[in-house]
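J.: Right, I'll just put the structure down here and ask away after.
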Amino acid sequence: MQPVSLVALARELKVELRGDPDVLIRRIAPLLTATTGDIAFLANPRYLSQLQATAASAVILSAAHAAAAPQGCSVLVAEDPYHCYALLSQGWSRRAIAEATPGIHPRAVVEPGAVIHATATVGALAYIGARAFVGEHALIAPQAHVGSDAFVGTATRLAPQAVLGDQCRIGARGIVHGGVVIGADGFGFAPHQGRYEKIAQLGAVRIGDDVEIGANTCIDRGALEDTVVEDGVKLDNLVQIAHNVHIGAHTAMAGCVGVAGSTRIGAHCTVGGSANILGHLVLVDHVHVSACTVISRSIHKPGQYSGFFPFDDNATWEKNAATLRQLHSLRERLRALEKSMK
Amino acid sequence: MQPVSLVALARELKVELRGDPDVLIRRIAPLLTATTGDIAFLANPRYLSQLQATAASAVILSAAHAAAAPQGCSVLVAEDPYHCYALLSQGWSRRAIAEATPGIHPRAVVEPGAVIHATATVGALAYIGARAFVGEHALIAPQAHVGSDAFVGTATRLAPQAVLGDQCRIGARGIVHGGVVIGADGFGFAPHQGRYEKIAQLGAVRIGDDVEIGANTCIDRGALEDTVVEDGVKLDNLVQIAHNVHIGAHTAMAGCVGVAGSTRIGAHCTVGGSANILGHLVLVDHVHVSACTVISRSIHKPGQYSGFFPFDDNATWEKNAATLRQLHSLRERLRALEKSMK
Amino acid sequence: MQPVSLVALARELKVELRGDPDVLIRRIAPLLTATTGDIAFLANPRYLSQLQATAASAVILSAAHAAAAPQGCSVLVAEDPYHCYALLSQGWSRRAIAEATPGIHPRAVVEPGAVIHATATVGALAYIGARAFVGEHALIAPQAHVGSDAFVGTATRLAPQAVLGDQCRIGARGIVHGGVVIGADGFGFAPHQGRYEKIAQLGAVRIGDDVEIGANTCIDRGALEDTVVEDGVKLDNLVQIAHNVHIGAHTAMAGCVGVAGSTRIGAHCTVGGSANILGHLVLVDHVHVSACTVISRSIHKPGQYSGFFPFDDNATWEKNAATLRQLHSLRERLRALEKSMK
């Protein structure tokens with residue numbers, strides 16, 4: 001990639017430049033490992049000592065820390081340096097990655113009735129089902145799958161091996177990573193005489209705008225009505241969203257989270273990695289679930305909720321875990337003691 | 001889809017109709033949101049008030065609740081309304097989804113020696129390995145994979161991007177959802193001088209009839225003998241079944257469950273979401289494991305087993321978790337007190 | 001497969017044969033189920049009684065147990081019988097599986113600038129991105145994906161539906177199972193005015209030699225620098241490795257493990273199934289994490305670490321779990337009692 005002058009970056013990011021406008025930037029790097037030609041950022045004051053020692057040619061920081069940059073290091077002064085770095089990284093990515101040439105690869109398969117916008121790209125060995133719609137500037141990567149009657153919004157990207165199931169919809173500017181399966185059948189059965197009778201899953205999955213879905217994550221179609229993921233939701237890898245779940249706008253879930261059927265999660269929530277939220281619950285807006293926590297009841301009050309077994313060296317854990325199995329009787333014994341003391 | 005008369009549905013489901021035989025049904029819907037043209041069901045008496053207020057044109061219910069339907073709402077009287085709804089949903093799905101045209105898509109790849117029944121369907125960009133067998137009315141979706149010497153039973157369906165590995169077998173009427181990997185190598189190594197020497201996995205995976213496997217679930221091939229999944233087993237998404245596991249008939253596992261190597265699970269068991277069952281254990285028939293529970297020893301008695309850390313607001317959890325690390329010494333202190341009281 | 005004489009196996013494995021050199025071996029089998037024509041092994045003295053009762057034609061064992069083999073059962077005497085079995089299984093696998101014919105399947109897609117070694121194999125419907133490199137004897141299975149500028153080392157194998165993302169590298173003798181996604185974007189966002197601004201992930205994934213990666217496992221690309229997996233690492237299925245994680249050489253992780261962002265794990269560690277290691281931590285070499293344990297702080301001392309809630313019958317668990325939520329106050333009450341006793 002061609003290096004970019006700092007003044008060009010400052011203009012692109014609409015921030016103030018203090019220092020050498022002509023210094024050429026070749027790379028974004030962490031403060032600690034940055035060197036000549038690199039731009040770094042300081043978002044967390046905890047790393048102030050790294051700023052003072054950095055060999056970066058330029059640093060993005062807030063006005064409060066501008067004076068702390070080492071001599072000879074130019075600075076871009078941003079109100080929110082971390083947000084500024086996010087925008088910088090996006091520009092970098094756009095310059096680094098050659099724009100895909102719009103059009104349908106001759107080795108893709110497009111079924112009858114599918115509508116693909118002239119500005120969209122469909123890669124080799126991709127599959128577009130009957131009557132599917134692929135919007136402006138959308139990108140269907142090689143070997144990705146768009147089901148029958150599915151809908152891909154403007155500028156949305158499906159990575160290799162991603163599956164958008166029949167009748168499912170995703171809005172604009174979405175990113176669906178590799179191996180994602182949207183629209184598999186929800187897990188619904190009627191137990192009958194010792195066997196399970198399948199309940200056909202007649203709903204679909206409806207996903208809003210600006211949603212990102214991590215690799216190998218699954219979002220099941222609804223039983224009767226749709227599973228819904230609202231605008232701005234971010235899901236990490238290997239997340240399981242069961243049928244008829246509803247995820248409110250701008251909620252984020254880290255890797256390996258499981259959400260069971262029909263649960264309704266509010267807007268602006270966060271769910272830490274490997275946390276689980278059981279079925280048929282309601283979590284209001286602004287609930288924050290810590291990693292590895294099991295949410296077994298509805299949460300009606302915003303806040304941070306936690307619950308996992310604290311690890312220890314194996315021998316200590318074994319003793320404590322064994323005692324935990326008698327905890328209730330320990331309480332009874334304590335009560336008896338208290339009583340006898342009165 | 002064409003609407004269907006209630007009398008036609010009653011005949012199809014072999015249940016008694018009370019009310020207007022000619023009312024046209026356009027949709028299956030929940031009691032709460034159903035409207036004219038919809039059929040709903042009442043399986044759980046907890047929702048009796050929803051029945052009384054429903055605007056559905058028809059409702060499936062048991063004889064005991066028939067009188068509670070609102071005036072003008074026709075009823076189908078079923079012995080087991082939930083099972084009846086399951087059958088209804090299946091018929092609906094059959095009518096809604098155009099039957100695939102049997103045959104091999106010209107853009108599929110079929111290796112020499114593979115046998116594909118004339119009534120089977122192989123989609124675009126699907127791969128059928130050498131000497132594989134695909135049975136009557138089987139459906140291999142676009143981009144799915146059937147390995148060499150693999151076997152797909154009658155009417156079994158593989159969804160897009162599903163992989164049935166070399167030499168693996170699945171019986172009749174199975175459903176394998178997107179991204180499933182059947183027959184990857186089991187995780188077997190001989191530690192040797194600080195490195196791991198691979199143990200080649202020479203077994204395969206053997207799956208019975210009427211098995212459904214959720215999206216991105218993995219079932220590994222056995223080390224020497226086969227990994228076995230018996231008839232009627234239902235696995236949800238993102239489940240991990242390690243090598244040489246044996247799952248008994250009509251056992252169901254919810255999303256994100258992990259079963260470690262060589263464990264033997266009985267018939268008619270249920271395993272809640274994100275539960276884990278460690279390796280080399282035996283669980284008898286009719287064991288029910290709650291969500292998020294870790295089964296670390298064999299279970300010889302049917303029943304419900306549980307064990308996860310109850311969540312709390314973060315501050316309370318932190319206090320309790322810290323104390324938990326001293327639980328064993330708390331017990332010792334309690335003992336000392338009890339002794340001194342004697 | 002053709003049977004093999006025991007003397008030929010002894011030569012291949014470089015071990016001493018005691019018994020009939022000409023006995024023909026048709027299969028490797030466990031001691032318990034082995035019969036005429038089978039070879040079994042005894043690695044763990046716990047199974048000595050199975051050795052004494054085996055019907056195998058031959059057994060691999062250590063010199064100490066050679067005398068315990070039943071009459072008529074030939075033995076191969078190995079220093080480390082389990083390691084010897086691993087080597088035997090590898091030879092077996094090589095003989096059983098027809099060597100792939102090198103070359104590029106006409107139904108594969110290879111983009112301009114890709115370099116594929118003449119001895120490498122690229123299967124049907126596989127995709128090789130622009131400027132990618134596929135080394136000697138490498139095997140890209142049908143429907144697998146090698147991204148632009150990606151690198152596949154000597155004799156490394158990608159299974160069906162595996163994805164090696166753009167710019168990502170894997171060394172020699174690697175095995176990447178089905179559905180693996182290497183190089184999806186790390187989960188990085190800058191929260192800004194109630195929304196998440198994407199941080200483009202500009203790093204890649206760098207994987208050493210002799211690494212095996214289980215089905216549907218995900219390894220994300222780094223934010224600025226690379227995510228790194230060193231030589232000899234073994235990852236089981238459905239593992240999540242977040243961006244900028246560093247995994248030291250010869251470390252093994254069982255199924256469903258999650259490692260959050262920027263965590264650094266040492267060499268020769270083991271992580272049990274479904275364990276989770278939170279972000280920005282450091283684990284030194286030779287740390288062993290038990291299954292289902294949550295590591296929430298750095299570990300500076302080698303050893304075994306554990307922590308999961310012990311399961312119980314449901315009623316007992318409910319009582320103990322409820323009491324656990326008052327554990328801190330129980331401690332306070334115990335303290336008060338102790339004080340009052342003084």
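In the structure tokens, the first chain shown is A, the next is B, and so on; residue numbers restart at 1 for each chain, and ligands run from 1 in the order shown.
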Enumerate as a CSV table (one decimal) with N, CA, C and O atoms, in the first residue's frame the residues belonging to chain A that approach chain C to within 7 Å, with only C-alpha atoms taken into account.

T.:
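And here is the file that came out, selection.csv:
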```
chain,number,residue,atom,x,y,z
A,28,ILE,N,-0.5,1.4,10.8
A,28,ILE,CA,-1.0,1.7,12.1
A,28,ILE,C,-0.4,0.7,13.1
A,28,ILE,O,-0.4,-0.5,12.7
A,29,ALA,N,0.1,1.1,14.2
A,29,ALA,CA,0.8,0.1,15.1
A,29,ALA,C,0.5,0.5,16.5
A,29,ALA,O,0.1,1.6,16.8
A,82,TYR,N,-10.1,6.8,20.5
A,82,TYR,CA,-10.4,5.4,20.1
A,82,TYR,C,-11.4,5.4,18.9
A,82,TYR,O,-11.2,4.6,18.0
A,83,HIS,N,-12.4,6.3,19.0
A,83,HIS,CA,-13.3,6.4,17.8
A,83,HIS,C,-12.5,6.9,16.6
A,83,HIS,O,-12.8,6.4,15.5
A,86,ALA,N,-10.8,4.1,15.1
A,86,ALA,CA,-11.7,3.2,14.4
A,86,ALA,C,-11.9,3.7,13.0
A,86,ALA,O,-11.8,2.9,12.0
A,89,SER,N,-8.8,3.1,10.9
A,89,SER,CA,-8.6,1.7,10.5
A,89,SER,C,-9.5,1.4,9.3
A,89,SER,O,-9.1,0.6,8.5
A,90,GLN,N,-10.7,2.0,9.3
A,90,GLN,CA,-11.6,1.7,8.2
A,90,GLN,C,-11.1,2.3,6.9
A,90,GLN,O,-11.1,1.6,5.9
A,93,SER,N,-8.3,0.1,5.7
A,93,SER,CA,-8.8,-1.2,5.2
A,93,SER,C,-9.3,-0.9,3.7
A,93,SER,O,-9.1,-1.7,2.8
A,125,LEU,N,-18.3,-19.7,-7.4
A,125,LEU,CA,-18.9,-20.9,-6.6
A,125,LEU,C,-19.9,-20.4,-5.5
A,125,LEU,O,-20.3,-21.2,-4.7
A,161,GLN,N,-18.5,-19.3,2.6
A,161,GLN,CA,-19.2,-20.4,3.3
A,161,GLN,C,-20.3,-19.8,4.2
A,161,GLN,O,-20.8,-20.6,5.0
A,177,HIS,N,-19.8,-13.1,8.7
A,177,HIS,CA,-18.5,-13.8,8.5
A,177,HIS,C,-18.7,-15.3,8.1
A,177,HIS,O,-19.8,-15.8,8.0
A,178,GLY,N,-17.5,-15.9,7.8
A,178,GLY,CA,-17.5,-17.2,7.3
A,178,GLY,C,-18.2,-18.3,8.1
A,178,GLY,O,-18.1,-18.2,9.4
A,179,GLY,N,-18.9,-19.2,7.5
A,179,GLY,CA,-19.5,-20.3,8.3
A,179,GLY,C,-20.7,-20.0,9.0
A,179,GLY,O,-21.3,-20.8,9.7
A,215,ALA,N,-17.9,-15.4,12.8
A,215,ALA,CA,-17.8,-16.7,12.1
A,215,ALA,C,-18.5,-17.8,12.9
A,215,ALA,O,-18.4,-18.0,14.1
A,216,ASN,N,-19.1,-18.7,12.1
A,216,ASN,CA,-19.8,-19.9,12.6
A,216,ASN,C,-20.9,-19.7,13.6
A,216,ASN,O,-21.3,-20.6,14.3
A,232,GLY,N,-27.8,-2.5,14.3
A,232,GLY,CA,-26.5,-2.2,15.0
A,232,GLY,C,-26.1,-3.2,16.0
A,232,GLY,O,-25.1,-3.1,16.7
A,236,ASP,N,-20.4,-11.9,18.0
A,236,ASP,CA,-19.0,-12.4,17.8
A,236,ASP,C,-19.2,-13.9,17.3
A,236,ASP,O,-20.3,-14.3,16.9
A,250,HIS,N,-28.3,-2.2,18.9
A,250,HIS,CA,-27.0,-1.9,19.5
A,250,HIS,C,-26.7,-2.7,20.7
A,250,HIS,O,-26.0,-2.2,21.6
A,309,PHE,N,-18.1,-19.8,38.7
A,309,PHE,CA,-17.3,-20.4,39.8
A,309,PHE,C,-15.9,-19.8,39.7
A,309,PHE,O,-15.2,-20.0,38.7
A,310,PRO,N,-15.3,-19.2,40.8
A,310,PRO,CA,-14.0,-18.7,40.7
A,310,PRO,C,-13.0,-19.9,40.7
A,310,PRO,O,-13.1,-20.8,41.5
A,311,PHE,N,-12.1,-19.8,39.8
A,311,PHE,CA,-11.1,-20.9,39.7
A,311,PHE,C,-10.1,-20.8,40.8
A,311,PHE,O,-9.9,-19.8,41.4
A,312,ASP,N,-9.4,-21.9,41.0
A,312,ASP,CA,-8.4,-22.0,42.0
A,312,ASP,C,-7.4,-23.1,41.6
A,312,ASP,O,-7.6,-23.8,40.6
A,313,ASP,N,-6.3,-23.3,42.4
A,313,ASP,CA,-5.5,-24.5,42.1
A,313,ASP,C,-6.4,-25.7,42.4
A,313,ASP,O,-7.3,-25.6,43.2
A,314,ASN,N,-6.1,-26.7,41.7
A,314,ASN,CA,-7.0,-27.9,41.6
A,314,ASN,C,-7.4,-28.4,43.0
A,314,ASN,O,-8.5,-28.7,43.3
A,317,TRP,N,-9.7,-26.1,44.9
A,317,TRP,CA,-11.1,-26.2,44.3
A,317,TRP,C,-11.8,-27.4,44.7
A,317,TRP,O,-13.0,-27.4,45.1
A,321,ALA,N,-15.3,-27.3,46.4
A,321,ALA,CA,-16.4,-27.8,45.6
A,321,ALA,C,-17.1,-28.9,46.4
A,321,ALA,O,-18.4,-29.0,46.4
A,325,ARG,N,-21.3,-28.8,48.2
A,325,ARG,CA,-22.4,-29.7,48.1
A,325,ARG,C,-23.1,-29.9,49.4
A,325,ARG,O,-24.1,-30.6,49.5
A,327,LEU,N,-23.5,-27.1,51.5
A,327,LEU,CA,-23.6,-25.8,51.9
A,327,LEU,C,-24.9,-25.5,52.7
A,327,LEU,O,-25.0,-24.9,53.7
A,328,HIS,N,-26.0,-26.1,52.1
A,328,HIS,CA,-27.3,-25.9,52.8
A,328,HIS,C,-27.3,-26.5,54.2
A,328,HIS,O,-27.8,-25.9,55.1
```

J.: Fewer than 3 positions away in the same chain doesn't count, so skip those; otherwise give me all residues within 12 Å of C:Pro21, counting only C-alpha atoms, as a list in words.

T.: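 My reading of the contact set: Val4, Ser5, Leu6, Val7, Ala8, Leu9, Ala10, Arg11, Glu16, Leu17, Arg18, Leu24, Ile25, Ser57, Ala58, Cys73, Ser74, Val75 and Leu76 of chain C.
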
J.: Could you write out the selected residues, including N, CA and C atoms, as a compact mmCIF listing (two decimals), in the first residue's frame?

T.:
```txt
# COMPACT_ATOMS: atom_id res chain seq x y z
N VAL C 4 -1.55 -57.24 6.58
CA VAL C 4 -0.10 -57.01 6.67
C VAL C 4 0.47 -58.03 7.66
N SER C 5 1.64 -58.57 7.36
CA SER C 5 2.23 -59.54 8.29
C SER C 5 2.77 -58.79 9.51
N LEU C 6 2.79 -59.47 10.64
CA LEU C 6 3.25 -58.85 11.88
C LEU C 6 4.72 -58.46 11.77
N VAL C 7 5.49 -59.26 11.05
CA VAL C 7 6.91 -58.93 10.94
C VAL C 7 7.10 -57.63 10.15
N ALA C 8 6.24 -57.41 9.17
CA ALA C 8 6.32 -56.16 8.40
C ALA C 8 5.99 -54.97 9.30
N LEU C 9 4.99 -55.14 10.17
CA LEU C 9 4.64 -54.05 11.09
C LEU C 9 5.78 -53.80 12.08
N ALA C 10 6.39 -54.88 12.59
CA ALA C 10 7.48 -54.73 13.55
C ALA C 10 8.63 -53.95 12.93
N ARG C 11 8.89 -54.24 11.66
CA ARG C 11 9.97 -53.51 10.97
C ARG C 11 9.60 -52.04 10.80
N GLU C 16 10.63 -54.85 18.76
CA GLU C 16 10.92 -56.27 18.86
C GLU C 16 9.63 -57.09 18.74
N LEU C 17 9.68 -58.16 17.95
CA LEU C 17 8.54 -59.07 17.81
C LEU C 17 8.81 -60.34 18.59
N ARG C 18 7.85 -60.75 19.43
CA ARG C 18 7.95 -62.06 20.08
C ARG C 18 6.72 -62.84 19.69
N LEU C 24 -1.12 -62.70 9.99
CA LEU C 24 -1.61 -61.59 9.16
C LEU C 24 -2.55 -60.69 9.97
N ILE C 25 -2.30 -59.40 9.91
CA ILE C 25 -3.08 -58.43 10.67
C ILE C 25 -4.02 -57.69 9.71
N SER C 57 -4.77 -61.33 17.74
CA SER C 57 -3.64 -62.12 17.24
C SER C 57 -2.32 -61.55 17.71
N ALA C 58 -2.30 -60.23 17.97
CA ALA C 58 -1.06 -59.59 18.41
C ALA C 58 -1.40 -58.40 19.28
N CYS C 73 -0.87 -65.46 21.53
CA CYS C 73 -0.95 -64.05 21.12
C CYS C 73 0.47 -63.52 20.98
N SER C 74 0.82 -63.13 19.77
CA SER C 74 2.16 -62.57 19.54
C SER C 74 2.22 -61.16 20.11
N VAL C 75 3.44 -60.70 20.42
CA VAL C 75 3.54 -59.35 20.98
C VAL C 75 4.61 -58.54 20.26
N LEU C 76 4.36 -57.23 20.20
CA LEU C 76 5.37 -56.26 19.79
C LEU C 76 5.75 -55.49 21.04
```

J.: Do you have the atom CA of B:Leu88-atom CA of A:Asp226 distance handy?

T.: 18.4 Å

J.: What does the distance between atom CA of A:Leu139 and atom CA of A:Asp166 come to in Å, to one decimal place?

T.: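 Calculated distance between atom CA of A:Leu139 and atom CA of A:Asp166 is 17.9 Å.
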
J.: Run DSSP on the backbone and tell me which residues of stretch 35-270 of chain C come out as strand (DSSP E or B); list them as a ChimeraX atom specification.

T.: /C:38-41,58-61,74-77,103-104,109-110,115-116,121-122,127-128,133-134,139-140,145-146,151-152,157-158,163-164,169-170,175-176,181-182,189-192,195-198,205-207,212-213,218-219,227-229,234-235,240-241,246-247,252-253,258-259,264-265,270

J.: What does the distance from atom CA of C:Val245 to atom CA of C:Val205 come to in Å, to one decimal?

T.: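 Calculated distance between atom CA of C:Val245 and atom CA of C:Val205 is 9.7 Å.
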
J.: What's around B:Phe151 at 12 Å? Count only C-alpha atoms, leave out sequence neighbours fewer than 4 positions away in its own chain, and write the answer as a PDB file with C-alpha atoms, in the first residue's frame.

T.:
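Contents of the output file out-v5.pdb:
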```pdb
ATOM      1  CA  ALA B 114     -21.156 -42.796  -6.620  1.00  0.00           C
ATOM      2  CA  VAL B 115     -24.715 -44.129  -6.757  1.00  0.00           C
ATOM      3  CA  ILE B 116     -27.510 -41.573  -6.643  1.00  0.00           C
ATOM      4  CA  HIS B 117     -31.097 -42.795  -6.629  1.00  0.00           C
ATOM      5  CA  ILE B 128     -20.633 -36.355  -3.969  1.00  0.00           C
ATOM      6  CA  GLY B 129     -17.506 -38.404  -3.301  1.00  0.00           C
ATOM      7  CA  ALA B 130     -16.392 -41.619  -4.927  1.00  0.00           C
ATOM      8  CA  ARG B 131     -18.565 -44.679  -4.206  1.00  0.00           C
ATOM      9  CA  ALA B 132     -20.976 -42.660  -2.041  1.00  0.00           C
ATOM     10  CA  PHE B 133     -24.644 -43.695  -1.935  1.00  0.00           C
ATOM     11  CA  VAL B 134     -27.538 -41.237  -1.932  1.00  0.00           C
ATOM     12  CA  GLY B 135     -30.895 -42.914  -1.300  1.00  0.00           C
ATOM     13  CA  GLU B 136     -34.464 -42.435  -2.564  1.00  0.00           C
ATOM     14  CA  ALA B 138     -32.761 -37.768  -0.448  1.00  0.00           C
ATOM     15  CA  ILE B 140     -28.337 -32.866  -1.025  1.00  0.00           C
ATOM     16  CA  HIS B 145     -20.704 -32.379   0.799  1.00  0.00           C
ATOM     17  CA  VAL B 146     -21.045 -36.169   0.825  1.00  0.00           C
ATOM     18  CA  GLY B 147     -17.659 -37.852   1.293  1.00  0.00           C
ATOM     19  CA  THR B 156     -32.602 -37.619   4.338  1.00  0.00           C
ATOM     20  CA  LEU B 158     -28.332 -32.240   3.910  1.00  0.00           C
ATOM     21  CA  LEU B 164     -20.980 -35.883   5.754  1.00  0.00           C
ATOM     22  CA  GLY B 165     -17.428 -37.199   5.937  1.00  0.00           C
ATOM     23  CA  ASP B 166     -15.839 -40.143   4.150  1.00  0.00           C
ATOM     24  CA  GLN B 167     -17.248 -43.570   5.166  1.00  0.00           C
ATOM     25  CA  CYS B 168     -19.887 -41.985   7.445  1.00  0.00           C
ATOM     26  CA  ARG B 169     -23.514 -43.122   7.372  1.00  0.00           C
ATOM     27  CA  ILE B 170     -26.851 -41.527   8.160  1.00  0.00           C
ATOM     28  CA  GLY B 171     -30.141 -43.420   8.030  1.00  0.00           C
ATOM     29  CA  ALA B 172     -33.583 -42.488   6.754  1.00  0.00           C
ATOM     30  CA  GLY B 174     -32.555 -37.410   8.741  1.00  0.00           C
ATOM     31  CA  ILE B 182     -19.828 -35.231  10.552  1.00  0.00           C
ATOM     32  CA  ALA B 204     -16.345 -43.517  11.216  1.00  0.00           C
ATOM     33  CA  VAL B 205     -19.693 -42.059  12.350  1.00  0.00           C
ATOM     34  CA  ARG B 206     -22.857 -44.159  12.266  1.00  0.00           C
ATOM     35  CA  ILE B 207     -26.187 -42.320  12.580  1.00  0.00           C
ATOM     36  CA  GLY B 208     -29.603 -43.967  12.782  1.00  0.00           C
TER      37      GLY B 208
END
```

J.: Leaving out C:Ile104 and any residue of its chain fewer than 4 positions from it, which residues lie within 7 Å of it when counting only C-alpha atoms, given as a PyMOL selection string?

T.: chain C and resi 108+121-123

J.: Please produce a file of those selected residues containing all heavy atoms, as a compact mmCIF listing (two decimals), in the first residue's frame.

T.:
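Just written: part_39.txt:
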```
# COMPACT_ATOMS: atom_id res chain seq x y z
N ALA C 108 -12.36 -26.79 -9.86
CA ALA C 108 -11.88 -25.84 -8.86
C ALA C 108 -11.77 -24.47 -9.52
O ALA C 108 -11.74 -24.35 -10.74
CB ALA C 108 -10.52 -26.29 -8.33
N THR C 121 -2.62 -30.93 -4.38
CA THR C 121 -3.91 -31.34 -4.91
C THR C 121 -4.95 -30.29 -4.56
O THR C 121 -5.04 -29.88 -3.40
CB THR C 121 -4.35 -32.68 -4.28
OG1 THR C 121 -3.31 -33.63 -4.47
CG2 THR C 121 -5.65 -33.19 -4.90
N VAL C 122 -5.73 -29.88 -5.53
CA VAL C 122 -6.83 -28.93 -5.29
C VAL C 122 -8.11 -29.59 -5.78
O VAL C 122 -8.24 -29.91 -6.97
CB VAL C 122 -6.59 -27.59 -6.01
CG1 VAL C 122 -7.77 -26.66 -5.80
CG2 VAL C 122 -5.29 -26.94 -5.52
N GLY C 123 -9.04 -29.84 -4.85
CA GLY C 123 -10.24 -30.61 -5.17
C GLY C 123 -11.30 -29.82 -5.92
O GLY C 123 -11.21 -28.59 -6.09
```
